[in-house]
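Shown next: coords.pdb, given as PDB, C-alpha atoms.
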```
ATOM      1  CA  MET A   1     308.707 133.633 162.956  1.00  0.00           C
ATOM      2  CA  ALA A   2     305.839 131.373 161.868  1.00  0.00           C
ATOM      3  CA  LYS A   3     306.573 129.290 158.802  1.00  0.00           C
ATOM      4  CA  GLY A   4     303.114 127.877 158.115  1.00  0.00           C
ATOM      5  CA  PHE A   5     304.239 124.252 158.126  1.00  0.00           C
ATOM      6  CA  VAL A   6     303.355 122.486 161.351  1.00  0.00           C
ATOM      7  CA  VAL A   7     304.622 118.927 160.825  1.00  0.00           C
ATOM      8  CA  ASN A   8     307.663 119.947 158.777  1.00  0.00           C
ATOM      9  CA  ALA A   9     308.897 123.061 160.585  1.00  0.00           C
ATOM     10  CA  HIS A  10     312.133 122.929 158.544  1.00  0.00           C
ATOM     11  CA  ARG A  11     310.215 123.486 155.286  1.00  0.00           C
ATOM     12  CA  VAL A  12     310.116 127.059 154.013  1.00  0.00           C
ATOM     13  CA  ASP A  13     309.276 126.605 150.334  1.00  0.00           C
ATOM     14  CA  PRO A  14     305.750 126.102 148.922  1.00  0.00           C
ATOM     15  CA  TYR A  15     304.679 122.978 147.045  1.00  0.00           C
ATOM     16  CA  LYS A  16     305.618 122.684 143.380  1.00  0.00           C
ATOM     17  CA  ASN A  17     303.022 122.575 140.612  1.00  0.00           C
ATOM     18  CA  TYR A  18     304.420 119.583 138.725  1.00  0.00           C
ATOM     19  CA  LYS A  19     303.531 116.748 141.142  1.00  0.00           C
ATOM     20  CA  PHE A  20     299.821 115.953 140.940  1.00  0.00           C
ATOM     21  CA  ARG A  21     297.397 113.165 140.159  1.00  0.00           C
ATOM     22  CA  ILE A  22     293.857 113.025 138.742  1.00  0.00           C
ATOM     23  CA  ILE A  23     291.631 110.178 139.928  1.00  0.00           C
ATOM     24  CA  TRP A  24     288.246 109.151 138.542  1.00  0.00           C
ATOM     25  CA  ASP A  25     286.362 105.874 138.742  1.00  0.00           C
ATOM     26  CA  GLU A  26     288.589 105.137 141.766  1.00  0.00           C
ATOM     27  CA  ARG A  27     291.828 104.930 139.755  1.00  0.00           C
ATOM     28  CA  PRO A  28     294.481 107.374 138.539  1.00  0.00           C
ATOM     29  CA  VAL A  29     294.180 108.683 134.994  1.00  0.00           C
ATOM     30  CA  MET A  30     297.511 108.009 133.353  1.00  0.00           C
ATOM     31  CA  GLY A  31     299.588 110.567 131.505  1.00  0.00           C
ATOM     32  CA  VAL A  32     297.858 113.797 132.560  1.00  0.00           C
ATOM     33  CA  SER A  33     300.567 116.421 132.172  1.00  0.00           C
ATOM     34  CA  LYS A  34     298.617 119.627 132.706  1.00  0.00           C
ATOM     35  CA  VAL A  35     295.589 120.743 134.724  1.00  0.00           C
ATOM     36  CA  SER A  36     294.284 124.287 134.468  1.00  0.00           C
ATOM     37  CA  ALA A  37     293.610 126.372 137.571  1.00  0.00           C
ATOM     38  CA  LEU A  38     290.913 125.371 140.053  1.00  0.00           C
ATOM     39  CA  LYS A  39     288.803 128.503 140.408  1.00  0.00           C
ATOM     40  CA  ARG A  40     285.450 129.626 141.752  1.00  0.00           C
ATOM     41  CA  SER A  41     283.904 133.062 141.700  1.00  0.00           C
ATOM     42  CA  THR A  42     280.965 134.814 143.296  1.00  0.00           C
ATOM     43  CA  GLU A  43     278.942 137.468 141.521  1.00  0.00           C
ATOM     44  CA  VAL A  44     278.622 140.779 143.312  1.00  0.00           C
ATOM     45  CA  VAL A  45     275.103 142.089 143.856  1.00  0.00           C
ATOM     46  CA  ALA A  46     275.153 145.866 144.218  1.00  0.00           C
ATOM     47  CA  HIS A  47     272.228 147.577 145.893  1.00  0.00           C
ATOM     48  CA  ARG A  48     271.425 150.888 147.553  1.00  0.00           C
ATOM     49  CA  ASP A  49     269.577 151.829 150.675  1.00  0.00           C
ATOM     50  CA  GLY A  50     266.673 154.213 150.158  1.00  0.00           C
ATOM     51  CA  GLY A  51     268.096 156.823 152.511  1.00  0.00           C
ATOM     52  CA  ASP A  52     271.680 156.658 151.169  1.00  0.00           C
ATOM     53  CA  ASN A  53     271.538 156.537 147.362  1.00  0.00           C
ATOM     54  CA  SER A  54     275.077 157.833 146.888  1.00  0.00           C
ATOM     55  CA  THR A  55     276.760 154.670 148.158  1.00  0.00           C
ATOM     56  CA  ASP A  56     276.543 151.154 146.783  1.00  0.00           C
ATOM     57  CA  ARG A  57     276.229 148.271 149.188  1.00  0.00           C
ATOM     58  CA  LYS A  58     277.555 144.941 148.028  1.00  0.00           C
ATOM     59  CA  SER A  59     276.581 141.384 148.882  1.00  0.00           C
ATOM     60  CA  PRO A  60     277.414 137.964 147.458  1.00  0.00           C
ATOM     61  CA  GLY A  61     275.292 136.572 144.636  1.00  0.00           C
ATOM     62  CA  ARG A  62     275.501 133.394 142.591  1.00  0.00           C
ATOM     63  CA  HIS A  63     278.583 131.209 142.762  1.00  0.00           C
ATOM     64  CA  SER A  64     280.148 129.593 139.716  1.00  0.00           C
ATOM     65  CA  TYR A  65     282.962 127.115 139.255  1.00  0.00           C
ATOM     66  CA  GLU A  66     285.198 127.449 136.214  1.00  0.00           C
ATOM     67  CA  ALA A  67     285.793 124.433 134.050  1.00  0.00           C
ATOM     68  CA  ILE A  68     289.230 122.847 134.171  1.00  0.00           C
ATOM     69  CA  THR A  69     291.197 121.558 131.214  1.00  0.00           C
ATOM     70  CA  LEU A  70     293.117 118.287 131.434  1.00  0.00           C
ATOM     71  CA  GLU A  71     295.888 117.612 128.910  1.00  0.00           C
ATOM     72  CA  ARG A  72     297.936 114.542 128.185  1.00  0.00           C
ATOM     73  CA  GLY A  73     299.943 113.013 125.383  1.00  0.00           C
ATOM     74  CA  VAL A  74     298.028 110.966 122.816  1.00  0.00           C
ATOM     75  CA  THR A  75     298.237 107.234 123.578  1.00  0.00           C
ATOM     76  CA  HIS A  76     296.046 104.173 123.088  1.00  0.00           C
ATOM     77  CA  ASP A  77     294.290 104.837 126.422  1.00  0.00           C
ATOM     78  CA  LEU A  78     290.692 105.743 125.562  1.00  0.00           C
ATOM     79  CA  GLU A  79     289.537 107.169 128.936  1.00  0.00           C
ATOM     80  CA  PHE A  80     289.134 110.776 127.713  1.00  0.00           C
ATOM     81  CA  GLU A  81     287.285 109.677 124.569  1.00  0.00           C
ATOM     82  CA  LYS A  82     285.020 107.188 126.361  1.00  0.00           C
ATOM     83  CA  TRP A  83     283.929 109.797 128.895  1.00  0.00           C
ATOM     84  CA  ALA A  84     283.410 112.461 126.204  1.00  0.00           C
ATOM     85  CA  ASN A  85     281.271 109.989 124.232  1.00  0.00           C
ATOM     86  CA  LEU A  86     278.927 109.597 127.213  1.00  0.00           C
ATOM     87  CA  VAL A  87     277.895 113.222 126.665  1.00  0.00           C
ATOM     88  CA  HIS A  88     277.798 113.135 122.875  1.00  0.00           C
ATOM     89  CA  ALA A  89     278.361 110.083 120.751  1.00  0.00           C
ATOM     90  CA  PHE A  90     278.567 110.276 116.961  1.00  0.00           C
ATOM     91  CA  ALA A  91     275.353 108.230 116.796  1.00  0.00           C
ATOM     92  CA  GLY A  92     273.450 111.241 118.195  1.00  0.00           C
ATOM     93  CA  ASP A  93     271.351 112.324 121.186  1.00  0.00           C
ATOM     94  CA  PRO A  94     269.564 108.999 121.827  1.00  0.00           C
ATOM     95  CA  MET A  95     273.000 107.510 122.604  1.00  0.00           C
ATOM     96  CA  MET A  96     273.720 110.015 125.415  1.00  0.00           C
ATOM     97  CA  ASP A  97     274.260 108.261 128.739  1.00  0.00           C
ATOM     98  CA  LEU A  98     272.054 110.257 131.110  1.00  0.00           C
ATOM     99  CA  VAL A  99     273.031 108.097 134.076  1.00  0.00           C
ATOM    100  CA  GLY A 100     276.818 107.940 133.855  1.00  0.00           C
ATOM    101  CA  TYR A 101     277.983 111.115 132.105  1.00  0.00           C
ATOM    102  CA  LYS A 102     278.737 112.951 135.378  1.00  0.00           C
ATOM    103  CA  LYS A 103     281.630 111.789 137.547  1.00  0.00           C
ATOM    104  CA  ASP A 104     283.314 112.971 140.690  1.00  0.00           C
ATOM    105  CA  ILE A 105     287.037 113.613 140.274  1.00  0.00           C
ATOM    106  CA  THR A 106     289.803 113.802 142.854  1.00  0.00           C
ATOM    107  CA  LEU A 107     292.780 116.120 142.308  1.00  0.00           C
ATOM    108  CA  GLU A 108     295.795 115.382 144.499  1.00  0.00           C
ATOM    109  CA  VAL A 109     298.760 117.725 144.855  1.00  0.00           C
ATOM    110  CA  MET A 110     301.893 116.033 146.149  1.00  0.00           C
ATOM    111  CA  ASN A 111     305.167 117.097 147.663  1.00  0.00           C
ATOM    112  CA  GLU A 112     308.444 116.281 145.922  1.00  0.00           C
ATOM    113  CA  ARG A 113     308.651 112.907 147.660  1.00  0.00           C
ATOM    114  CA  GLY A 114     305.202 111.798 146.472  1.00  0.00           C
ATOM    115  CA  HIS A 115     303.159 112.274 149.643  1.00  0.00           C
ATOM    116  CA  VAL A 116     299.692 113.783 149.103  1.00  0.00           C
ATOM    117  CA  ALA A 117     299.835 117.333 150.479  1.00  0.00           C
ATOM    118  CA  LYS A 118     296.438 118.631 149.329  1.00  0.00           C
ATOM    119  CA  ARG A 119     293.386 116.858 147.963  1.00  0.00           C
ATOM    120  CA  TYR A 120     290.373 118.393 146.258  1.00  0.00           C
ATOM    121  CA  PHE A 121     287.071 116.736 145.398  1.00  0.00           C
ATOM    122  CA  LEU A 122     285.434 117.991 142.185  1.00  0.00           C
ATOM    123  CA  TYR A 123     281.722 117.192 142.038  1.00  0.00           C
ATOM    124  CA  ARG A 124     279.346 116.268 139.221  1.00  0.00           C
ATOM    125  CA  CYS A 125     281.892 116.767 136.433  1.00  0.00           C
ATOM    126  CA  TRP A 126     281.224 116.234 132.734  1.00  0.00           C
ATOM    127  CA  ILE A 127     283.103 116.905 129.506  1.00  0.00           C
ATOM    128  CA  SER A 128     282.037 119.893 127.416  1.00  0.00           C
ATOM    129  CA  GLU A 129     284.984 119.818 124.970  1.00  0.00           C
ATOM    130  CA  PHE A 130     287.166 116.995 123.707  1.00  0.00           C
ATOM    131  CA  THR A 131     290.235 117.530 121.523  1.00  0.00           C
ATOM    132  CA  ALA A 132     291.148 114.126 120.093  1.00  0.00           C
ATOM    133  CA  LEU A 133     294.182 115.363 118.163  1.00  0.00           C
ATOM    134  CA  PRO A 134     296.030 118.665 118.122  1.00  0.00           C
ATOM    135  CA  GLU A 135     297.040 120.470 114.982  1.00  0.00           C
ATOM    136  CA  LEU A 136     299.553 118.170 113.295  1.00  0.00           C
ATOM    137  CA  ASP A 137     302.765 119.668 111.921  1.00  0.00           C
ATOM    138  CA  SER A 138     305.549 117.604 110.362  1.00  0.00           C
ATOM    139  CA  ASN A 139     308.005 120.467 110.969  1.00  0.00           C
ATOM    140  CA  ALA A 140     307.345 120.595 114.708  1.00  0.00           C
ATOM    141  CA  ASN A 141     309.228 118.739 117.396  1.00  0.00           C
ATOM    142  CA  ALA A 142     306.435 118.194 119.933  1.00  0.00           C
ATOM    143  CA  ILE A 143     304.219 115.645 121.624  1.00  0.00           C
ATOM    144  CA  ALA A 144     300.681 115.222 120.273  1.00  0.00           C
ATOM    145  CA  ILE A 145     298.338 116.366 123.056  1.00  0.00           C
ATOM    146  CA  GLU A 146     294.699 115.418 123.629  1.00  0.00           C
ATOM    147  CA  SER A 147     292.582 117.426 126.034  1.00  0.00           C
ATOM    148  CA  VAL A 148     289.207 117.597 127.720  1.00  0.00           C
ATOM    149  CA  LYS A 149     287.390 120.572 129.178  1.00  0.00           C
ATOM    150  CA  VAL A 150     285.680 119.409 132.347  1.00  0.00           C
ATOM    151  CA  GLU A 151     282.681 121.314 133.694  1.00  0.00           C
ATOM    152  CA  MET A 152     281.882 120.941 137.388  1.00  0.00           C
ATOM    153  CA  GLU A 153     279.164 121.918 139.820  1.00  0.00           C
ATOM    154  CA  GLY A 154     281.525 122.516 142.718  1.00  0.00           C
ATOM    155  CA  PHE A 155     284.697 121.551 144.528  1.00  0.00           C
ATOM    156  CA  GLU A 156     285.974 121.375 148.066  1.00  0.00           C
ATOM    157  CA  ARG A 157     289.293 120.717 149.733  1.00  0.00           C
ATOM    158  CA  ASP A 158     289.556 117.490 151.691  1.00  0.00           C
ATOM    159  CA  VAL A 159     290.089 118.777 155.214  1.00  0.00           C
ATOM    160  CA  ASP A 160     291.087 115.266 156.355  1.00  0.00           C
ATOM    161  CA  THR A 161     294.246 115.425 154.204  1.00  0.00           C
ATOM    162  CA  LYS A 162     296.829 116.704 156.644  1.00  0.00           C
ATOM    163  CA  GLU A 163     300.337 118.002 156.062  1.00  0.00           C
ATOM    164  CA  PRO A 164     302.455 114.928 155.244  1.00  0.00           C
ATOM    165  CA  ASP A 165     305.385 113.921 157.416  1.00  0.00           C
ATOM    166  CA  GLU A 166     308.219 114.322 154.923  1.00  0.00           C
ATOM    167  CA  ALA A 167     310.482 112.028 156.945  1.00  0.00           C
ATOM    168  CA  SER A 168     308.153 109.050 156.369  1.00  0.00           C
ATOM    169  CA  ALA A 169     308.701 106.430 153.698  1.00  0.00           C
ATOM    170  CA  VAL A 170     308.010 107.119 150.045  1.00  0.00           C
ATOM    171  CA  PRO A 171     304.474 105.937 149.227  1.00  0.00           C
ATOM    172  CA  ALA A 172     304.111 102.822 147.069  1.00  0.00           C
ATOM    173  CA  ALA A 173     303.139 103.392 143.445  1.00  0.00           C
ATOM    174  CA  GLU A 174     299.493 102.696 142.684  1.00  0.00           C
TER     175      GLU A 174
END
```

As structure tokens, what does this structure read like?
Amino acid sequence: MAKGFVVNAHRVDPYKNYKFRIIWDERPVMGVSKVSALKRSTEVVAHRDGGDNSTDRKSPGRHSYEAITLERGVTHDLEFEKWANLVHAFAGDPMMDLVGYKKDITLEVMNERGHVAKRYFLYRCWISEFTALPELDSNANAIAIESVKVEMEGFERDVDTKEPDEASAVPAAE
């Protein structure tokens, strides 16, 4: 019976969703605790042939890539805020950075040991929403979370990222 894992034939369980890393500007973004789903969709174009009007034919139309949301606990790290300010600074439109407001992001999914199992490249990303502080509640027992909604023009899986050899050494922390 085929298991789907080539290098680690003993493995039968899928990868977990709690080991991941976001990288932009060639370094990991610290503290990201949640990333929404990576999703693309294609519109359906329905049409009919002149001789067969009772049946719809369907073909692919425009593609779109859903924005992702990144969440992390509020700290003194200003990376989310600095990037959001490139799109809209309080000083107004003349302050918008037309050169640097789009970034490419890398999303890495890791196995339990910390080896990169899947890697996705997200292209021409920019921030459309920035939540600097959540609703504050003195009766709650929770972490203050900041978040950004990241728009993108596309993504692709890195086909050069192969199934990791789980018997190899634990990767060094970056």

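Residues with any atom within 9 Å of the point (280.4, 113.9, 142.1), counting all atoms listed in the file, are Lys102, Lys103, Asp104, Ile105, Phe121, Leu122, Tyr123, Arg124, Cys125, Met152, Glu153 and Gly154 of chain A.
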
Taking all atoms listed in the file into account, produce a table as CSV in which each residue of range 69-140 of chain A with an atom at most 12 Å from an atom of range 12-31 of chain A appears once, together with its shortest atom pair and the distance in Å to one decimal, ordered by chain and rising number.
```
residue,atom,partner,partner_atom,distance
A:Thr69,CA,A:Ile22,CA,11.7
A:Leu70,CA,A:Ile22,CA,9.0
A:Glu71,CA,A:Gly31,CA,8.4
A:Arg72,CA,A:Gly31,CA,5.4
A:Gly73,CA,A:Gly31,CA,6.6
A:Val74,CA,A:Gly31,CA,8.8
A:Thr75,CA,A:Gly31,CA,8.7
A:His76,CA,A:Met30,CA,11.1
A:Asp77,CA,A:Met30,CA,8.3
A:Leu78,CA,A:Val29,CA,10.5
A:Glu79,CA,A:Val29,CA,7.8
A:Phe80,CA,A:Val29,CA,9.1
A:Trp83,CA,A:Trp24,CA,10.6
A:Gly100,CA,A:Asp25,CA,10.9
A:Tyr101,CA,A:Asp25,CA,11.9
A:Lys102,CA,A:Trp24,CA,10.7
A:Lys103,CA,A:Trp24,CA,7.2
A:Asp104,CA,A:Trp24,CA,6.6
A:Ile105,CA,A:Trp24,CA,4.9
A:Thr106,CA,A:Ile23,CA,5.0
A:Leu107,CA,A:Ile22,CA,4.8
A:Glu108,CA,A:Arg21,CA,5.1
A:Val109,CA,A:Phe20,CA,4.4
A:Met110,CA,A:Lys19,CA,5.3
A:Asn111,CA,A:Tyr15,CA,5.9
A:Glu112,CA,A:Lys19,CA,6.9
A:Arg113,CA,A:Lys19,CA,9.1
A:Gly114,CA,A:Lys19,CA,7.5
A:His115,CA,A:Lys19,CA,9.6
A:Val116,CA,A:Phe20,CA,8.4
A:Ala117,CA,A:Tyr15,CA,8.2
A:Lys118,CA,A:Phe20,CA,9.4
A:Arg119,CA,A:Arg21,CA,9.5
A:Tyr120,CA,A:Ile22,CA,9.9
A:Phe121,CA,A:Ile23,CA,9.7
A:Leu122,CA,A:Trp24,CA,10.0
A:Tyr123,CA,A:Trp24,CA,10.9
A:Arg124,CA,A:Trp24,CA,11.4
A:Cys125,CA,A:Trp24,CA,10.1
A:Trp126,CA,A:Trp24,CA,11.5
```

- Message: What's the separation between CA of His47 in chain A and CA of Pro60 in chain A, in Å to one decimal place?
- Response: 11.0 Å

- Item | Selection result for the PyMOL selection byres ((chain A and resi 166) around 9) on this file, as a VMD selection string | chain A and resid 7 to 8 111 113 115 163 to 165 167 to 170

Excluding Pro134 in chain A and any residue of its chain fewer than 6 positions from it, enumerate the residues within 7 Å of it, using all atoms listed in the file, and give them as a short mmCIF file (atom, residue, chain, number, x, y, z; two decimals) with C-alpha atoms, keeping the file's coordinate frame.
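The result, written out as result_1.cif:
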```
data_model
loop_
_atom_site.label_atom_id
_atom_site.label_comp_id
_atom_site.auth_asym_id
_atom_site.auth_seq_id
_atom_site.Cartn_x
_atom_site.Cartn_y
_atom_site.Cartn_z
CA ALA A 144 300.68 115.22 120.27
CA ILE A 145 298.34 116.37 123.06
CA GLU A 146 294.70 115.42 123.63
#
```

- Query: Can you list, as a list in words, the residues that the PyMOL selection byres ((chain A and resi 65) around 12) selects here?
  - Reply: Ala37, Leu38, Lys39, Arg40, Ser41, Thr42, Glu43, Arg62, His63, Ser64, Glu66, Ala67, Ile68, Leu122, Tyr123, Arg124, Cys125, Val150, Glu151, Met152, Glu153, Gly154, Phe155 and Glu156 of chain A

- Item | Expected residue set, 12 Å radius at (279.7, 151.3, 149.5), all atoms listed in the file, as a PyMOL selection string | chain A and resi 45-49+52-59

- Please measure the separation of CA of Leu86 in chain A and CA of Ala142 in chain A, giving the value in Å to one decimal.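 The value is 29.7 Å.
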
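One distance worth recording is that between CA of Val32 in chain A and CA of Ser147 in chain A, which is 9.1 Å.
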
- Task: For the structure shown, which residues end up in the PyMOL selection byres ((chain A and resi 130) around 7)? Put them as number ranges by chain, please?
- Result: A: 84, 128-129, 131-132, 147-149

For range 162-172 of chain A, what centre and edge lengths in Å (one decimal) does the axis-aligned box get once 5 Å is added on each side of all its listed atoms, as AutoDock Vina command-line options?
```
--center_x 303.7 --center_y 110.4 --center_z 152.2 --size_x 23.7 --size_y 25.2 --size_z 20.3
```

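In this comparison, which uses only C-alpha atoms, the residue of A:Leu136, A:Ile143, A:Val159, A:Ile127 approaching Glu81 in chain A most closely is A:Ile127.
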